[in-house]
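Heads up, upload_28.pdb below (PDB, C-alpha atoms, pLDDT in the B column):
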ATOM      1  CA  MET A  25      93.763 109.414  94.703  1.00 93.00           C
ATOM      2  CA  LYS A  26      90.821 107.959  96.602  1.00 95.00           C
ATOM      3  CA  ILE A  27      89.795 104.843  94.702  1.00 97.00           C
ATOM      4  CA  SER A  28      86.541 102.950  95.062  1.00 97.00           C
ATOM      5  CA  LEU A  29      87.256  99.234  94.817  1.00 97.00           C
ATOM      6  CA  PHE A  30      84.365  97.255  93.339  1.00 96.00           C
ATOM      7  CA  VAL A  31      84.690  93.652  94.485  1.00 94.00           C
ATOM      8  CA  PRO A  32      82.682  91.225  92.293  1.00 92.00           C
ATOM      9  CA  CYS A  33      80.298  89.020  94.301  1.00 90.00           C
ATOM     10  CA  TYR A  34      81.893  85.738  93.162  1.00 88.00           C
ATOM     11  CA  GLN A  35      85.348  87.110  93.941  1.00 90.00           C
ATOM     12  CA  ASP A  36      84.250  88.191  97.397  1.00 90.00           C
ATOM     13  CA  ALA A  37      82.894  84.695  98.064  1.00 90.00           C
ATOM     14  CA  ILE A  38      85.519  82.504  96.360  1.00 91.00           C
ATOM     15  CA  TYR A  39      88.653  84.531  95.572  1.00 93.00           C
ATOM     16  CA  PRO A  40      88.904  87.339  98.171  1.00 94.00           C
ATOM     17  CA  GLU A  41      92.696  87.164  97.918  1.00 96.00           C
ATOM     18  CA  ALA A  42      92.463  88.638  94.403  1.00 96.00           C
ATOM     19  CA  ALA A  43      90.591  91.725  95.620  1.00 95.00           C
ATOM     20  CA  MET A  44      92.945  92.081  98.587  1.00 96.00           C
ATOM     21  CA  SER A  45      95.891  91.983  96.184  1.00 97.00           C
ATOM     22  CA  VAL A  46      94.373  94.816  94.163  1.00 97.00           C
ATOM     23  CA  ALA A  47      94.204  96.893  97.330  1.00 97.00           C
ATOM     24  CA  THR A  48      97.818  95.976  98.152  1.00 97.00           C
ATOM     25  CA  VAL A  49      99.086  97.141  94.771  1.00 98.00           C
ATOM     26  CA  LEU A  50      97.111 100.384  94.737  1.00 98.00           C
ATOM     27  CA  GLU A  51      98.078 101.262  98.304  1.00 97.00           C
ATOM     28  CA  ARG A  52     101.728 100.529  97.469  1.00 97.00           C
ATOM     29  CA  LEU A  53     101.404 103.194  94.778  1.00 97.00           C
ATOM     30  CA  GLY A  54     100.190 105.670  97.374  1.00 97.00           C
ATOM     31  CA  HIS A  55      96.445 105.589  96.791  1.00 97.00           C
ATOM     32  CA  THR A  56      93.644 105.273  99.319  1.00 97.00           C
ATOM     33  CA  ILE A  57      91.127 102.454  98.937  1.00 97.00           C
ATOM     34  CA  GLN A  58      87.453 102.812  99.683  1.00 96.00           C
ATOM     35  CA  THR A  59      85.278  99.709  99.802  1.00 93.00           C
ATOM     36  CA  HIS A  60      81.504  99.580  99.506  1.00 93.00           C
ATOM     37  CA  PRO A  61      80.050  96.782 101.658  1.00 91.00           C
ATOM     38  CA  GLN A  62      76.500  97.732 100.649  1.00 93.00           C
ATOM     39  CA  ILE A  63      77.204  96.675  97.048  1.00 93.00           C
ATOM     40  CA  THR A  64      76.357  93.005  96.551  1.00 89.00           C
ATOM     41  CA  CYS A  65      76.481  92.443  92.760  1.00 94.00           C
ATOM     42  CA  CYS A  66      76.607  94.442  89.533  1.00 95.00           C
ATOM     43  CA  GLY A  67      73.449  92.737  88.254  1.00 95.00           C
ATOM     44  CA  GLN A  68      75.055  90.955  85.332  1.00 93.00           C
ATOM     45  CA  PRO A  69      73.629  87.450  85.997  1.00 91.00           C
ATOM     46  CA  SER A  70      70.037  88.705  85.726  1.00 93.00           C
ATOM     47  CA  PHE A  71      70.868  91.068  82.857  1.00 95.00           C
ATOM     48  CA  ASN A  72      72.526  88.358  80.775  1.00 91.00           C
ATOM     49  CA  SER A  73      69.628  85.994  81.431  1.00 91.00           C
ATOM     50  CA  GLY A  74      67.130  88.532  80.103  1.00 93.00           C
ATOM     51  CA  TYR A  75      65.669  89.537  83.484  1.00 96.00           C
ATOM     52  CA  TRP A  76      66.320  93.267  83.169  1.00 97.00           C
ATOM     53  CA  GLU A  77      63.563  94.214  85.629  1.00 96.00           C
ATOM     54  CA  GLN A  78      65.289  92.092  88.253  1.00 96.00           C
ATOM     55  CA  ALA A  79      68.729  93.446  87.336  1.00 97.00           C
ATOM     56  CA  ARG A  80      67.761  97.113  87.748  1.00 97.00           C
ATOM     57  CA  PRO A  81      67.312  97.189  91.566  1.00 97.00           C
ATOM     58  CA  VAL A  82      70.718  95.546  91.996  1.00 97.00           C
ATOM     59  CA  ALA A  83      72.378  97.915  89.539  1.00 97.00           C
ATOM     60  CA  ARG A  84      70.515 100.888  91.008  1.00 97.00           C
ATOM     61  CA  ASN A  85      72.155 100.161  94.350  1.00 97.00           C
ATOM     62  CA  VAL A  86      75.569 100.251  92.634  1.00 97.00           C
ATOM     63  CA  LEU A  87      74.773 103.635  91.073  1.00 97.00           C
ATOM     64  CA  GLN A  88      73.767 105.053  94.437  1.00 96.00           C
ATOM     65  CA  GLU A  89      76.824 103.725  96.247  1.00 96.00           C
ATOM     66  CA  LEU A  90      79.258 104.943  93.583  1.00 97.00           C
ATOM     67  CA  ARG A  91      77.571 108.276  92.908  1.00 95.00           C
ATOM     68  CA  ASP A  92      80.436 110.298  94.413  1.00 94.00           C
ATOM     69  CA  ALA A  93      83.340 107.977  93.516  1.00 96.00           C
ATOM     70  CA  GLU A  94      86.317 109.644  91.864  1.00 95.00           C
ATOM     71  CA  ALA A  95      87.437 106.411  90.193  1.00 97.00           C
ATOM     72  CA  VAL A  96      86.039 102.889  90.352  1.00 98.00           C
ATOM     73  CA  VAL A  97      88.494 100.016  89.897  1.00 98.00           C
ATOM     74  CA  VAL A  98      87.103  96.584  89.041  1.00 96.00           C
ATOM     75  CA  PRO A  99      89.354  93.490  89.129  1.00 95.00           C
ATOM     76  CA  SER A 100      87.130  91.873  86.503  1.00 94.00           C
ATOM     77  CA  GLY A 101      86.513  92.692  82.866  1.00 93.00           C
ATOM     78  CA  SER A 102      83.135  91.033  83.201  1.00 92.00           C
ATOM     79  CA  CYS A 103      81.709  93.291  85.919  1.00 95.00           C
ATOM     80  CA  GLY A 104      83.596  96.273  84.516  1.00 95.00           C
ATOM     81  CA  ALA A 105      81.901  95.833  81.154  1.00 95.00           C
ATOM     82  CA  MET A 106      78.525  95.493  82.841  1.00 96.00           C
ATOM     83  CA  MET A 107      78.867  98.899  84.476  1.00 97.00           C
ATOM     84  CA  LYS A 108      80.755 100.665  81.701  1.00 95.00           C
ATOM     85  CA  VAL A 109      79.009  99.264  78.620  1.00 96.00           C
ATOM     86  CA  PHE A 110      75.666  97.780  79.646  1.00 97.00           C
ATOM     87  CA  TYR A 111      74.384 100.062  82.434  1.00 98.00           C
ATOM     88  CA  PRO A 112      73.547 102.761  79.849  1.00 97.00           C
ATOM     89  CA  GLN A 113      71.455 100.150  77.999  1.00 97.00           C
ATOM     90  CA  LEU A 114      69.858  98.836  81.180  1.00 98.00           C
ATOM     91  CA  PHE A 115      68.809 102.321  82.315  1.00 98.00           C
ATOM     92  CA  ALA A 116      67.942 103.832  78.925  1.00 97.00           C
ATOM     93  CA  GLY A 117      64.669 105.726  79.387  1.00 97.00           C
ATOM     94  CA  GLN A 118      64.776 105.138  83.148  1.00 97.00           C
ATOM     95  CA  PRO A 119      65.084 107.820  85.883  1.00 96.00           C
ATOM     96  CA  GLU A 120      68.695 106.699  86.449  1.00 96.00           C
ATOM     97  CA  GLU A 121      69.760 107.164  82.815  1.00 97.00           C
ATOM     98  CA  LYS A 122      71.962 110.204  83.591  1.00 97.00           C
ATOM     99  CA  ASP A 123      73.512 108.517  86.634  1.00 97.00           C
ATOM    100  CA  ALA A 124      74.444 105.478  84.545  1.00 97.00           C
ATOM    101  CA  ALA A 125      76.027 107.684  81.874  1.00 97.00           C
ATOM    102  CA  ALA A 126      77.927 109.648  84.530  1.00 97.00           C
ATOM    103  CA  LEU A 127      79.382 106.488  86.061  1.00 97.00           C
ATOM    104  CA  THR A 128      80.704 105.072  82.778  1.00 96.00           C
ATOM    105  CA  PRO A 129      83.885 107.206  82.379  1.00 96.00           C
ATOM    106  CA  ARG A 130      84.880 106.601  85.998  1.00 97.00           C
ATOM    107  CA  VAL A 131      84.907 102.781  85.758  1.00 97.00           C
ATOM    108  CA  PHE A 132      88.180 101.010  84.956  1.00 97.00           C
ATOM    109  CA  GLU A 133      89.311  97.404  84.776  1.00 97.00           C
ATOM    110  CA  PHE A 134      92.310  96.954  87.117  1.00 97.00           C
ATOM    111  CA  SER A 135      95.136  96.766  84.553  1.00 97.00           C
ATOM    112  CA  GLU A 136      93.463  99.431  82.410  1.00 97.00           C
ATOM    113  CA  PHE A 137      93.425 101.753  85.411  1.00 98.00           C
ATOM    114  CA  LEU A 138      97.109 101.251  86.180  1.00 98.00           C
ATOM    115  CA  VAL A 139      98.465 101.579  82.657  1.00 98.00           C
ATOM    116  CA  SER A 140      95.983 103.738  80.755  1.00 97.00           C
ATOM    117  CA  LYS A 141      94.703 105.994  83.550  1.00 97.00           C
ATOM    118  CA  LEU A 142      97.711 106.287  85.898  1.00 97.00           C
ATOM    119  CA  GLY A 143     100.492 105.673  83.365  1.00 98.00           C
ATOM    120  CA  VAL A 144     102.043 103.004  85.595  1.00 98.00           C
ATOM    121  CA  SER A 145     103.797 100.060  83.943  1.00 97.00           C
ATOM    122  CA  ASP A 146     106.005  98.860  86.809  1.00 97.00           C
ATOM    123  CA  VAL A 147     104.442  98.310  90.241  1.00 97.00           C
ATOM    124  CA  GLY A 148     107.659  97.037  91.842  1.00 96.00           C
ATOM    125  CA  ALA A 149     106.695  93.368  91.787  1.00 98.00           C
ATOM    126  CA  ARG A 150     108.948  90.315  91.593  1.00 98.00           C
ATOM    127  CA  PHE A 151     107.666  86.883  90.578  1.00 98.00           C
ATOM    128  CA  PRO A 152     110.429  84.491  89.454  1.00 98.00           C
ATOM    129  CA  HIS A 153     108.266  82.189  87.345  1.00 98.00           C
ATOM    130  CA  LYS A 154     107.209  81.460  83.782  1.00 98.00           C
ATOM    131  CA  VAL A 155     103.583  82.488  83.193  1.00 98.00           C
ATOM    132  CA  THR A 156     101.069  82.538  80.375  1.00 98.00           C
ATOM    133  CA  PHE A 157      98.151  84.980  80.140  1.00 97.00           C
ATOM    134  CA  HIS A 158      94.479  84.361  79.338  1.00 97.00           C
ATOM    135  CA  ASP A 159      92.364  87.242  77.985  1.00 96.00           C
ATOM    136  CA  GLY A 160      88.842  87.251  79.418  1.00 93.00           C
ATOM    137  CA  CYS A 161      86.217  87.937  76.737  1.00 93.00           C
ATOM    138  CA  HIS A 162      84.528  90.932  78.415  1.00 92.00           C
ATOM    139  CA  GLY A 163      87.786  92.744  79.087  1.00 92.00           C
ATOM    140  CA  LEU A 164      89.147  91.940  75.646  1.00 94.00           C
ATOM    141  CA  ARG A 165      86.131  92.463  73.402  1.00 94.00           C
ATOM    142  CA  GLU A 166      84.025  95.039  75.294  1.00 92.00           C
ATOM    143  CA  LEU A 167      86.658  97.108  77.116  1.00 95.00           C
ATOM    144  CA  GLY A 168      89.539  96.721  74.654  1.00 95.00           C
ATOM    145  CA  VAL A 169      91.960  95.599  77.370  1.00 96.00           C
ATOM    146  CA  VAL A 170      94.806  93.775  75.588  1.00 95.00           C
ATOM    147  CA  SER A 171      98.218  95.365  76.073  1.00 97.00           C
ATOM    148  CA  GLN A 172      97.747  96.668  79.632  1.00 98.00           C
ATOM    149  CA  PRO A 173      98.064  93.371  81.549  1.00 98.00           C
ATOM    150  CA  ARG A 174     100.981  92.297  79.360  1.00 97.00           C
ATOM    151  CA  THR A 175     102.775  95.593  79.945  1.00 98.00           C
ATOM    152  CA  LEU A 176     102.467  95.067  83.682  1.00 98.00           C
ATOM    153  CA  LEU A 177     103.645  91.444  83.530  1.00 98.00           C
ATOM    154  CA  GLU A 178     106.600  92.302  81.319  1.00 98.00           C
ATOM    155  CA  ASN A 179     107.833  94.716  83.988  1.00 98.00           C
ATOM    156  CA  VAL A 180     107.662  92.208  86.839  1.00 98.00           C
ATOM    157  CA  ARG A 181     111.217  91.299  87.851  1.00 98.00           C
ATOM    158  CA  ASP A 182     112.319  87.755  86.975  1.00 98.00           C
ATOM    159  CA  LEU A 183     108.971  86.914  85.343  1.00 98.00           C
ATOM    160  CA  GLU A 184     108.943  85.269  81.909  1.00 98.00           C
ATOM    161  CA  LEU A 185     105.744  85.815  79.933  1.00 98.00           C
ATOM    162  CA  VAL A 186     105.066  83.228  77.235  1.00 98.00           C
ATOM    163  CA  GLU A 187     101.988  83.579  75.043  1.00 97.00           C
ATOM    164  CA  MET A 188      99.719  80.619  74.386  1.00 96.00           C
ATOM    165  CA  ASN A 189      98.199  80.102  70.934  1.00 95.00           C
ATOM    166  CA  GLU A 190      94.629  80.398  72.237  1.00 91.00           C
ATOM    167  CA  ALA A 191      95.192  83.383  74.562  1.00 93.00           C
ATOM    168  CA  GLN A 192      92.275  85.375  73.097  1.00 92.00           C
ATOM    169  CA  THR A 193      89.941  82.418  72.577  1.00 93.00           C
ATOM    170  CA  CYS A 194      87.014  82.146  75.011  1.00 93.00           C
ATOM    171  CA  CYS A 195      87.602  79.641  77.820  1.00 92.00           C
ATOM    172  CA  GLY A 196      83.983  78.486  77.601  1.00 89.00           C
ATOM    173  CA  PHE A 197      82.751  79.769  80.961  1.00 89.00           C
ATOM    174  CA  GLY A 198      80.491  82.695  80.105  1.00 84.00           C
ATOM    175  CA  GLY A 199      78.440  82.479  83.301  1.00 79.00           C
ATOM    176  CA  ALA A 200      75.092  80.903  82.390  1.00 81.00           C
ATOM    177  CA  PHE A 201      76.592  79.652  79.108  1.00 85.00           C
ATOM    178  CA  SER A 202      78.556  76.978  80.963  1.00 87.00           C
ATOM    179  CA  VAL A 203      75.322  75.801  82.601  1.00 85.00           C
ATOM    180  CA  LYS A 204      73.094  75.895  79.511  1.00 87.00           C
ATOM    181  CA  PHE A 205      75.677  74.437  77.137  1.00 90.00           C
ATOM    182  CA  SER A 206      77.915  72.372  79.373  1.00 91.00           C
ATOM    183  CA  ASP A 207      79.263  70.096  76.625  1.00 93.00           C
ATOM    184  CA  ILE A 208      80.331  73.018  74.432  1.00 94.00           C
ATOM    185  CA  SER A 209      81.716  74.839  77.452  1.00 94.00           C
ATOM    186  CA  THR A 210      83.785  71.806  78.421  1.00 93.00           C
ATOM    187  CA  ALA A 211      85.145  71.388  74.897  1.00 94.00           C
ATOM    188  CA  MET A 212      86.177  75.047  74.772  1.00 94.00           C
ATOM    189  CA  GLY A 213      87.834  74.750  78.173  1.00 94.00           C
ATOM    190  CA  GLU A 214      89.813  71.738  77.014  1.00 95.00           C
ATOM    191  CA  VAL A 215      91.205  73.726  74.083  1.00 95.00           C
ATOM    192  CA  LYS A 216      92.237  76.498  76.465  1.00 95.00           C
ATOM    193  CA  CYS A 217      93.891  74.098  78.910  1.00 96.00           C
ATOM    194  CA  ASP A 218      95.791  72.271  76.163  1.00 95.00           C
ATOM    195  CA  SER A 219      97.058  75.564  74.759  1.00 96.00           C
ATOM    196  CA  ALA A 220      98.207  76.795  78.167  1.00 96.00           C
ATOM    197  CA  VAL A 221      99.972  73.575  79.094  1.00 96.00           C
ATOM    198  CA  GLN A 222     101.801  73.458  75.757  1.00 96.00           C
ATOM    199  CA  THR A 223     103.623  76.688  76.657  1.00 97.00           C
ATOM    200  CA  GLY A 224     105.441  75.001  79.517  1.00 97.00           C
ATOM    201  CA  ALA A 225     104.393  77.858  81.826  1.00 97.00           C
ATOM    202  CA  GLU A 226     104.297  77.299  85.577  1.00 98.00           C
ATOM    203  CA  TYR A 227     101.233  79.530  86.124  1.00 98.00           C
ATOM    204  CA  LEU A 228      98.208  80.659  84.140  1.00 97.00           C
ATOM    205  CA  VAL A 229      97.329  84.292  84.881  1.00 98.00           C
ATOM    206  CA  SER A 230      94.232  86.291  83.967  1.00 96.00           C
ATOM    207  CA  ASN A 231      92.519  89.511  84.968  1.00 95.00           C
ATOM    208  CA  ASP A 232      89.144  87.824  85.446  1.00 93.00           C
ATOM    209  CA  SER A 233      88.552  85.357  88.285  1.00 91.00           C
ATOM    210  CA  SER A 234      85.425  83.937  86.652  1.00 91.00           C
ATOM    211  CA  CYS A 235      87.516  82.601  83.764  1.00 94.00           C
ATOM    212  CA  LEU A 236      90.115  81.298  86.211  1.00 94.00           C
ATOM    213  CA  MET A 237      87.428  79.433  88.136  1.00 93.00           C
ATOM    214  CA  HIS A 238      86.475  77.540  84.973  1.00 94.00           C
ATOM    215  CA  ILE A 239      90.015  76.935  83.707  1.00 95.00           C
ATOM    216  CA  GLU A 240      91.465  75.966  87.073  1.00 95.00           C
ATOM    217  CA  GLY A 241      88.636  73.513  87.663  1.00 94.00           C
ATOM    218  CA  MET A 242      89.328  71.807  84.350  1.00 94.00           C
ATOM    219  CA  LEU A 243      93.092  71.729  84.921  1.00 96.00           C
ATOM    220  CA  LYS A 244      92.566  70.070  88.289  1.00 94.00           C
ATOM    221  CA  ARG A 245      90.155  67.541  86.807  1.00 93.00           C
ATOM    222  CA  GLN A 246      92.769  66.733  84.164  1.00 93.00           C
ATOM    223  CA  ARG A 247      95.350  66.378  86.977  1.00 94.00           C
ATOM    224  CA  ARG A 248      97.542  68.999  85.330  1.00 93.00           C
ATOM    225  CA  LYS A 249      99.780  70.966  87.642  1.00 91.00           C
ATOM    226  CA  MET A 250      99.300  74.561  86.529  1.00 96.00           C
ATOM    227  CA  PRO A 251      98.041  76.886  89.300  1.00 96.00           C
ATOM    228  CA  CYS A 252      95.924  79.857  88.241  1.00 97.00           C
ATOM    229  CA  LEU A 253      96.367  83.367  89.624  1.00 97.00           C
ATOM    230  CA  HIS A 254      94.628  86.688  89.173  1.00 97.00           C
ATOM    231  CA  LEU A 255      96.915  89.341  87.694  1.00 98.00           C
ATOM    232  CA  ALA A 256      96.758  91.323  90.943  1.00 98.00           C
ATOM    233  CA  GLN A 257      98.114  88.353  92.914  1.00 98.00           C
ATOM    234  CA  VAL A 258     101.231  88.378  90.740  1.00 98.00           C
ATOM    235  CA  LEU A 259     101.642  92.153  90.922  1.00 98.00           C
ATOM    236  CA  ALA A 260     101.319  92.077  94.719  1.00 98.00           C
ATOM    237  CA  GLN A 261     104.374  89.798  95.005  1.00 96.00           C
ATOM    238  CA  THR A 262     107.633  91.511  95.970  1.00 94.00           C
ATOM    239  CA  ASN A 263     109.890  88.673  97.233  1.00 79.00           C
TER     240      ASN A 263
END

What would you get if you wrote out this structure as structure tokens?
Amino acid sequence: MKISLFVPCYQDAIYPEAAMSVATVLERLGHTIQTHPQITCCGQPSFNSGYWEQARPVARNVLQELRDAEAVVVPSGSCGAMMKVFYPQLFAGQPEEKDAAALTPRVFEFSEFLVSKLGVSDVGARFPHKVTFHDGCHGLRELGVVSQPRTLLENVRDLELVEMNEAQTCCGFGGAFSVKFSDISTAMGEVKCDSAVQTGAEYLVSNDSSCLMHIEGMLKRQRRKMPCLHLAQVLAQTN
């Protein structure tokens, strides 16, 4: 299958290794990856801040670039939800309303695509470490992605998955939320970090780099030794 890989803007700038790992896994499964350099952002920052007029030109560019895509894989529940759930709202009553509706069924979060679309539960990875998993809010609450990443991790050779008590609790990032309500965001992040550390896991894994950016920053500030990895980085490992 020819797959269009949507690389979130923050991932392209800060965590390109996560997107490259997605390509590694999908190509290992025999698929062809198509990238779209003309896409810069899904438009979520403006949309979430209430600037829908400013979000539309950015999102319109995404619609145009992905018009002919067979399947769009997004290594982020956040951007995936923006395209799959909120584009129809953003373009309701607009000339692009049909294009937004047509894109929705072709957009998949990375783990959702592997497990629910392709029926793949084992990608041939090996990662001999104890890990705990954090559910990003957009993937969990708007896309319903819960079991898919766990299914994939449970089939990684020599990996031990241990659940934290606060796995499905928000980490406190939330994009602009962490800027507008920094004290609350910090308190929520501390709960997440405490819960993760209590598992005794060596790594914290998630399918959303934006959450990892917040959690990893707090763990480092607390001088706690728990590296954070995107799910794709674990699944790309074979040694």

Review point. Care to translate the PyMOL selection byres ((chain A and resi 57-71) around 7) into actual residues of this file, as a VMD selection string?
Key: chain A and resid 26 to 30 32 to 33 47 55 to 56 72 to 76 78 to 79 82 to 83 85 to 86 103 106

Exercise for review: For stretch 154-168 of chain A, please output as a PyMOL selection string all residues within 6 Å (counting all atoms listed in the file; exclusion window: fewer than 5 positions along the same chain).
Suggested key: chain A and resi 101-102+183-187+191-192+225-230

Review point. Any idea what's packed within 8 Å of A:Val139, counting only C-alpha atoms, ignoring anything in its chain fewer than 3 positions away? Could you give it as number ranges by chain?
Key: A: 135-136, 142-145, 172, 175-176

**Study point:** Coordinates-based distance that separates atom CA of A:Cys217 from atom CA of A:Gln257 (Å, one decimal)
**Key:** 20.4 Å

Review point. Got a sec: who's within 8 Å of A:Ser234, counting only C-alpha atoms, leaving out chain neighbours fewer than 4 positions off, as a list in words?
Key: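 In the requested format, the answer is Tyr34, Gln35, Phe197, Gly199 and His238 of chain A.
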
Assuming the input is short of atoms at stretch 143-155 of chain A, produce N, CA and C atoms for that part as a PDB file, in the frame of the given file.
ATOM      1  N   GLY A 143      99.204 105.670  84.059  1.00 98.00           N
ATOM      2  CA  GLY A 143     100.492 105.673  83.365  1.00 98.00           C
ATOM      3  C   GLY A 143     101.552 104.856  84.075  1.00 98.00           C
ATOM      4  N   VAL A 144     101.121 103.864  84.844  1.00 98.00           N
ATOM      5  CA  VAL A 144     102.043 103.004  85.595  1.00 98.00           C
ATOM      6  C   VAL A 144     102.254 101.700  84.835  1.00 98.00           C
ATOM      7  N   SER A 145     103.509 101.331  84.606  1.00 97.00           N
ATOM      8  CA  SER A 145     103.797 100.060  83.943  1.00 97.00           C
ATOM      9  C   SER A 145     104.586  99.116  84.841  1.00 97.00           C
ATOM     10  N   ASP A 146     105.203  99.664  85.888  1.00 97.00           N
ATOM     11  CA  ASP A 146     106.005  98.860  86.809  1.00 97.00           C
ATOM     12  C   ASP A 146     105.525  99.138  88.233  1.00 97.00           C
ATOM     13  N   VAL A 147     104.979  98.120  88.885  1.00 97.00           N
ATOM     14  CA  VAL A 147     104.442  98.310  90.241  1.00 97.00           C
ATOM     15  C   VAL A 147     105.416  97.800  91.299  1.00 97.00           C
ATOM     16  N   GLY A 148     106.648  97.472  90.880  1.00 96.00           N
ATOM     17  CA  GLY A 148     107.659  97.037  91.842  1.00 96.00           C
ATOM     18  C   GLY A 148     107.542  95.587  92.261  1.00 96.00           C
ATOM     19  N   ALA A 149     106.906  94.771  91.427  1.00 98.00           N
ATOM     20  CA  ALA A 149     106.695  93.368  91.787  1.00 98.00           C
ATOM     21  C   ALA A 149     107.850  92.480  91.326  1.00 98.00           C
ATOM     22  N   ARG A 150     108.004  91.348  92.014  1.00 98.00           N
ATOM     23  CA  ARG A 150     108.948  90.315  91.593  1.00 98.00           C
ATOM     24  C   ARG A 150     108.252  88.963  91.680  1.00 98.00           C
ATOM     25  N   PHE A 151     108.308  88.193  90.609  1.00 98.00           N
ATOM     26  CA  PHE A 151     107.666  86.883  90.578  1.00 98.00           C
ATOM     27  C   PHE A 151     108.528  85.989  89.680  1.00 98.00           C
ATOM     28  N   PRO A 152     109.450  85.247  90.242  1.00 98.00           N
ATOM     29  CA  PRO A 152     110.429  84.491  89.454  1.00 98.00           C
ATOM     30  C   PRO A 152     109.859  83.202  88.863  1.00 98.00           C
ATOM     31  N   HIS A 153     108.905  83.369  87.949  1.00 98.00           N
ATOM     32  CA  HIS A 153     108.266  82.189  87.345  1.00 98.00           C
ATOM     33  C   HIS A 153     107.890  82.465  85.884  1.00 98.00           C
ATOM     34  N   LYS A 154     107.661  81.391  85.171  1.00 98.00           N
ATOM     35  CA  LYS A 154     107.209  81.460  83.782  1.00 98.00           C
ATOM     36  C   LYS A 154     105.676  81.412  83.772  1.00 98.00           C
ATOM     37  N   VAL A 155     105.046  82.422  83.177  1.00 98.00           N
ATOM     38  CA  VAL A 155     103.583  82.488  83.193  1.00 98.00           C
ATOM     39  C   VAL A 155     103.036  82.684  81.776  1.00 98.00           C
TER      40      VAL A 155
END
